[in-house]
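Okay, start.cif now, which holds mmCIF, C-alpha atoms:
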data_entry
#
loop_
_atom_site.label_atom_id
_atom_site.label_comp_id
_atom_site.auth_asym_id
_atom_site.auth_seq_id
_atom_site.Cartn_x
_atom_site.Cartn_y
_atom_site.Cartn_z
CA MET A 13 -22.90 86.09 10.25
CA LYS A 14 -24.75 87.77 13.10
CA THR A 15 -24.79 91.52 13.22
CA ALA A 16 -25.27 93.45 16.45
CA GLN A 17 -28.71 94.57 15.27
CA THR A 18 -29.76 91.00 14.37
CA THR A 19 -28.55 89.73 17.73
CA ARG A 20 -30.31 92.55 19.59
CA HIS A 21 -33.58 91.85 17.71
CA PHE A 22 -33.28 88.12 18.42
CA VAL A 23 -32.61 88.74 22.12
CA THR A 24 -35.45 91.22 22.43
CA THR A 25 -37.93 88.91 20.69
CA CYS A 26 -36.93 85.84 22.68
CA LEU A 27 -36.84 87.61 26.04
CA LEU A 28 -40.22 89.24 25.47
CA SER A 29 -41.71 85.88 24.57
CA LEU A 30 -40.11 84.24 27.60
CA LEU A 31 -41.18 86.97 30.02
CA THR A 32 -44.73 87.08 28.66
CA THR A 33 -45.05 83.33 29.13
CA ILE A 34 -43.77 83.41 32.70
CA VAL A 35 -45.86 86.39 33.77
CA LEU A 36 -49.06 85.09 32.18
CA PHE A 37 -48.80 81.64 33.70
CA THR A 38 -47.54 82.47 37.19
CA PRO A 39 -50.41 82.48 39.70
CA GLN A 40 -50.73 85.77 41.57
CA ALA A 41 -50.58 83.93 44.89
CA TYR A 42 -46.83 83.38 44.50
CA ALA A 43 -44.58 85.73 46.47
CA GLU A 44 -42.86 88.40 44.38
CA THR A 45 -39.47 87.04 45.36
CA TYR A 46 -40.34 83.63 43.95
CA VAL A 47 -41.51 85.19 40.69
CA ALA A 48 -38.37 87.34 40.50
CA GLY A 49 -36.18 84.29 41.13
CA GLN A 50 -37.94 82.30 38.44
CA LEU A 51 -37.61 85.16 35.95
CA PHE A 52 -33.90 85.52 36.66
CA THR A 53 -33.29 81.77 36.40
CA ARG A 54 -34.96 81.55 33.01
CA ILE A 55 -33.32 84.69 31.65
CA ASP A 56 -29.90 83.55 32.85
CA SER A 57 -30.34 80.08 31.34
CA PHE A 58 -31.38 81.53 27.99
CA VAL A 59 -28.63 84.18 27.92
CA THR A 60 -25.94 81.69 28.95
CA ALA A 61 -27.06 78.96 26.53
CA ASN A 62 -26.98 81.41 23.63
CA GLY A 63 -23.85 83.36 24.62
CA LEU A 64 -25.77 86.63 24.54
CA GLY A 65 -24.19 88.49 27.45
CA ILE A 66 -24.63 88.63 31.21
CA ALA A 67 -27.76 88.24 33.32
CA LEU A 68 -27.63 89.37 36.93
CA PRO A 69 -30.01 88.79 39.85
CA GLY A 70 -31.71 91.25 42.15
CA GLU A 71 -28.91 92.29 44.45
CA CYS A 72 -26.99 94.02 41.68
CA GLY A 73 -27.11 97.79 42.11
CA LEU A 74 -27.50 100.12 39.14
CA GLN A 75 -25.90 103.53 39.43
CA ILE A 76 -26.98 104.93 36.06
CA TYR A 77 -28.62 108.26 36.85
CA PRO A 78 -26.67 111.26 35.49
CA GLY A 79 -26.87 114.19 37.85
CA HIS A 80 -27.67 111.89 40.78
CA PRO A 81 -24.41 110.05 41.55
CA GLN A 82 -25.65 108.70 44.89
CA LYS A 83 -28.89 107.27 43.48
CA TYR A 84 -29.07 103.61 42.63
CA ARG A 85 -31.70 100.92 42.16
CA LYS A 86 -31.68 97.16 42.55
CA PRO A 87 -33.95 95.58 39.94
CA ASP A 88 -35.08 91.98 40.35
CA ALA A 89 -33.00 90.94 37.33
CA LEU A 90 -31.13 92.56 34.48
CA PHE A 91 -29.44 91.68 31.21
CA ILE A 92 -26.46 93.34 29.51
CA ALA A 93 -25.61 92.25 25.96
CA SER A 94 -22.16 90.95 25.06
CA GLY A 95 -19.58 93.62 24.30
CA ARG A 96 -21.09 96.31 26.51
CA LEU A 97 -19.05 95.58 29.65
CA PRO A 98 -15.24 95.70 29.51
CA GLY A 99 -14.09 92.13 28.92
CA ASP A 100 -17.72 91.01 29.30
CA ARG A 101 -17.09 90.81 33.04
CA VAL A 102 -19.19 92.09 35.87
CA PRO A 103 -17.41 95.07 37.45
CA GLU A 104 -16.81 95.57 41.14
CA GLY A 105 -19.44 97.71 42.83
CA HIS A 106 -22.51 99.03 41.08
CA ILE A 107 -23.19 98.63 37.37
CA ARG A 108 -22.70 102.05 35.78
CA ILE A 109 -24.03 101.45 32.27
CA PRO A 110 -27.73 101.14 31.47
CA PRO A 111 -28.69 97.49 30.96
CA ASP A 112 -30.47 96.28 27.85
CA LEU A 113 -33.23 94.80 30.03
CA VAL A 114 -34.36 95.46 33.59
CA VAL A 115 -36.94 93.23 35.28
CA GLU A 116 -39.06 94.36 38.21
CA SER A 117 -41.65 92.00 39.63
CA ILE A 118 -44.66 93.80 41.00
CA SER A 119 -47.36 92.86 43.45
CA PRO A 120 -50.96 93.92 43.93
CA HIS A 121 -49.72 96.01 46.87
CA ASP A 122 -47.35 98.15 44.77
CA ILE A 123 -48.51 101.69 44.07
CA ALA A 124 -49.04 102.31 40.35
CA SER A 125 -47.46 105.78 40.38
CA ASP A 126 -44.32 104.37 42.07
CA ILE A 127 -44.04 101.71 39.37
CA GLU A 128 -44.53 104.28 36.62
CA THR A 129 -41.84 106.51 38.15
CA LYS A 130 -39.40 103.61 38.36
CA VAL A 131 -40.04 102.59 34.74
CA ARG A 132 -39.73 106.19 33.52
CA GLU A 133 -36.44 106.66 35.40
CA TYR A 134 -35.00 103.45 33.98
CA LEU A 135 -35.92 104.44 30.43
CA GLU A 136 -34.66 108.01 30.83
CA ALA A 137 -31.35 106.60 32.12
CA GLY A 138 -30.96 104.60 28.88
CA VAL A 139 -32.34 101.15 29.77
CA ARG A 140 -33.69 99.72 26.54
CA MET A 141 -36.49 97.60 27.95
CA VAL A 142 -38.24 97.39 31.34
#
Can I see the file as structure tokens?
Amino acid sequence: MKTAQTTRHFVTTCLLSLLTTIVLFTPQAYAETYVAGQLFTRIDSFVTANGLGIALPGECGLQIYPGHPQKYRKPDALFIASGRLPGDRVPEGHIRIPPDLVVESISPHDIASDIETKVREYLEAGVRMV
């Protein structure tokens, strides 16, 4: 019998392994959108095949910042574990709960401090892994 903690550990371990493999073996010459699409496709396939929850692509807005109701971000991909969304269905409008995983593809042209700010804000909002 799977417990929530066992499932979460399994998901975290598998997704980290998957993401590390993709990032390490994707040539830097690829456009960020291609990389983001490939990451989403693989995450979605894995999540769907294992009934782990919902994976969403880049155009999904996150409105998860307490004290800043108008602020939202659109990560390149995200994952929300089963049981965290009502009826395990994607709501209308922006997602208003912190995902378990947020994926942001970066390029050599991105500014390091901007990336650090984005990661910090995601984590402070309750995202478990960026």
Which residue is closest to A:Ser94? Choose from A:Ile109, A:Ala43, A:Leu64, A:Val59 and count all atoms listed in the file.
A:Leu64
Considering all atoms listed in the file, return as a PyMOL selection string whatever protein or nucleic-acid residues lie within 12 Å of A:Asp88, sequence-local ones (same chain, fewer than 5 positions apart) excluded.
chain A and resi 44-53+55+67-74+113-118+142
Report the distance between atom CA of A:Ile92 and atom CA of A:Ile66 in Å, rounded to one decimal place.
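Atom-to-atom, atom CA of A:Ile92 and atom CA of A:Ile66 are spaced 5.3 Å apart.
The space between atom CA of A:His106 and atom CA of A:Pro78 spans 14.1 Å.
In this structure, atom CA of A:Tyr134 sits 10.5 Å away from atom CA of A:Asp112.
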Run through the PyMOL selection byres ((chain A and resi 77) around 12) on the given coordinates and return the selected residues as a PDB file with C-alpha atoms, in the frame of the given file.
ATOM      1  CA  GLY A  73     -27.110  97.790  42.110  1.00  0.00           C
ATOM      2  CA  LEU A  74     -27.500 100.120  39.140  1.00  0.00           C
ATOM      3  CA  GLN A  75     -25.900 103.530  39.430  1.00  0.00           C
ATOM      4  CA  ILE A  76     -26.980 104.930  36.060  1.00  0.00           C
ATOM      5  CA  PRO A  78     -26.670 111.260  35.490  1.00  0.00           C
ATOM      6  CA  GLY A  79     -26.870 114.190  37.850  1.00  0.00           C
ATOM      7  CA  HIS A  80     -27.670 111.890  40.780  1.00  0.00           C
ATOM      8  CA  PRO A  81     -24.410 110.050  41.550  1.00  0.00           C
ATOM      9  CA  GLN A  82     -25.650 108.700  44.890  1.00  0.00           C
ATOM     10  CA  LYS A  83     -28.890 107.270  43.480  1.00  0.00           C
ATOM     11  CA  TYR A  84     -29.070 103.610  42.630  1.00  0.00           C
ATOM     12  CA  ARG A  85     -31.700 100.920  42.160  1.00  0.00           C
ATOM     13  CA  HIS A 106     -22.510  99.030  41.080  1.00  0.00           C
ATOM     14  CA  ILE A 107     -23.190  98.630  37.370  1.00  0.00           C
ATOM     15  CA  ARG A 108     -22.700 102.050  35.780  1.00  0.00           C
ATOM     16  CA  ILE A 109     -24.030 101.450  32.270  1.00  0.00           C
ATOM     17  CA  PRO A 110     -27.730 101.140  31.470  1.00  0.00           C
ATOM     18  CA  LYS A 130     -39.400 103.610  38.360  1.00  0.00           C
ATOM     19  CA  ARG A 132     -39.730 106.190  33.520  1.00  0.00           C
ATOM     20  CA  GLU A 133     -36.440 106.660  35.400  1.00  0.00           C
ATOM     21  CA  TYR A 134     -35.000 103.450  33.980  1.00  0.00           C
ATOM     22  CA  LEU A 135     -35.920 104.440  30.430  1.00  0.00           C
ATOM     23  CA  GLU A 136     -34.660 108.010  30.830  1.00  0.00           C
ATOM     24  CA  ALA A 137     -31.350 106.600  32.120  1.00  0.00           C
ATOM     25  CA  GLY A 138     -30.960 104.600  28.880  1.00  0.00           C
ATOM     26  CA  VAL A 139     -32.340 101.150  29.770  1.00  0.00           C
TER      27      VAL A 139
END
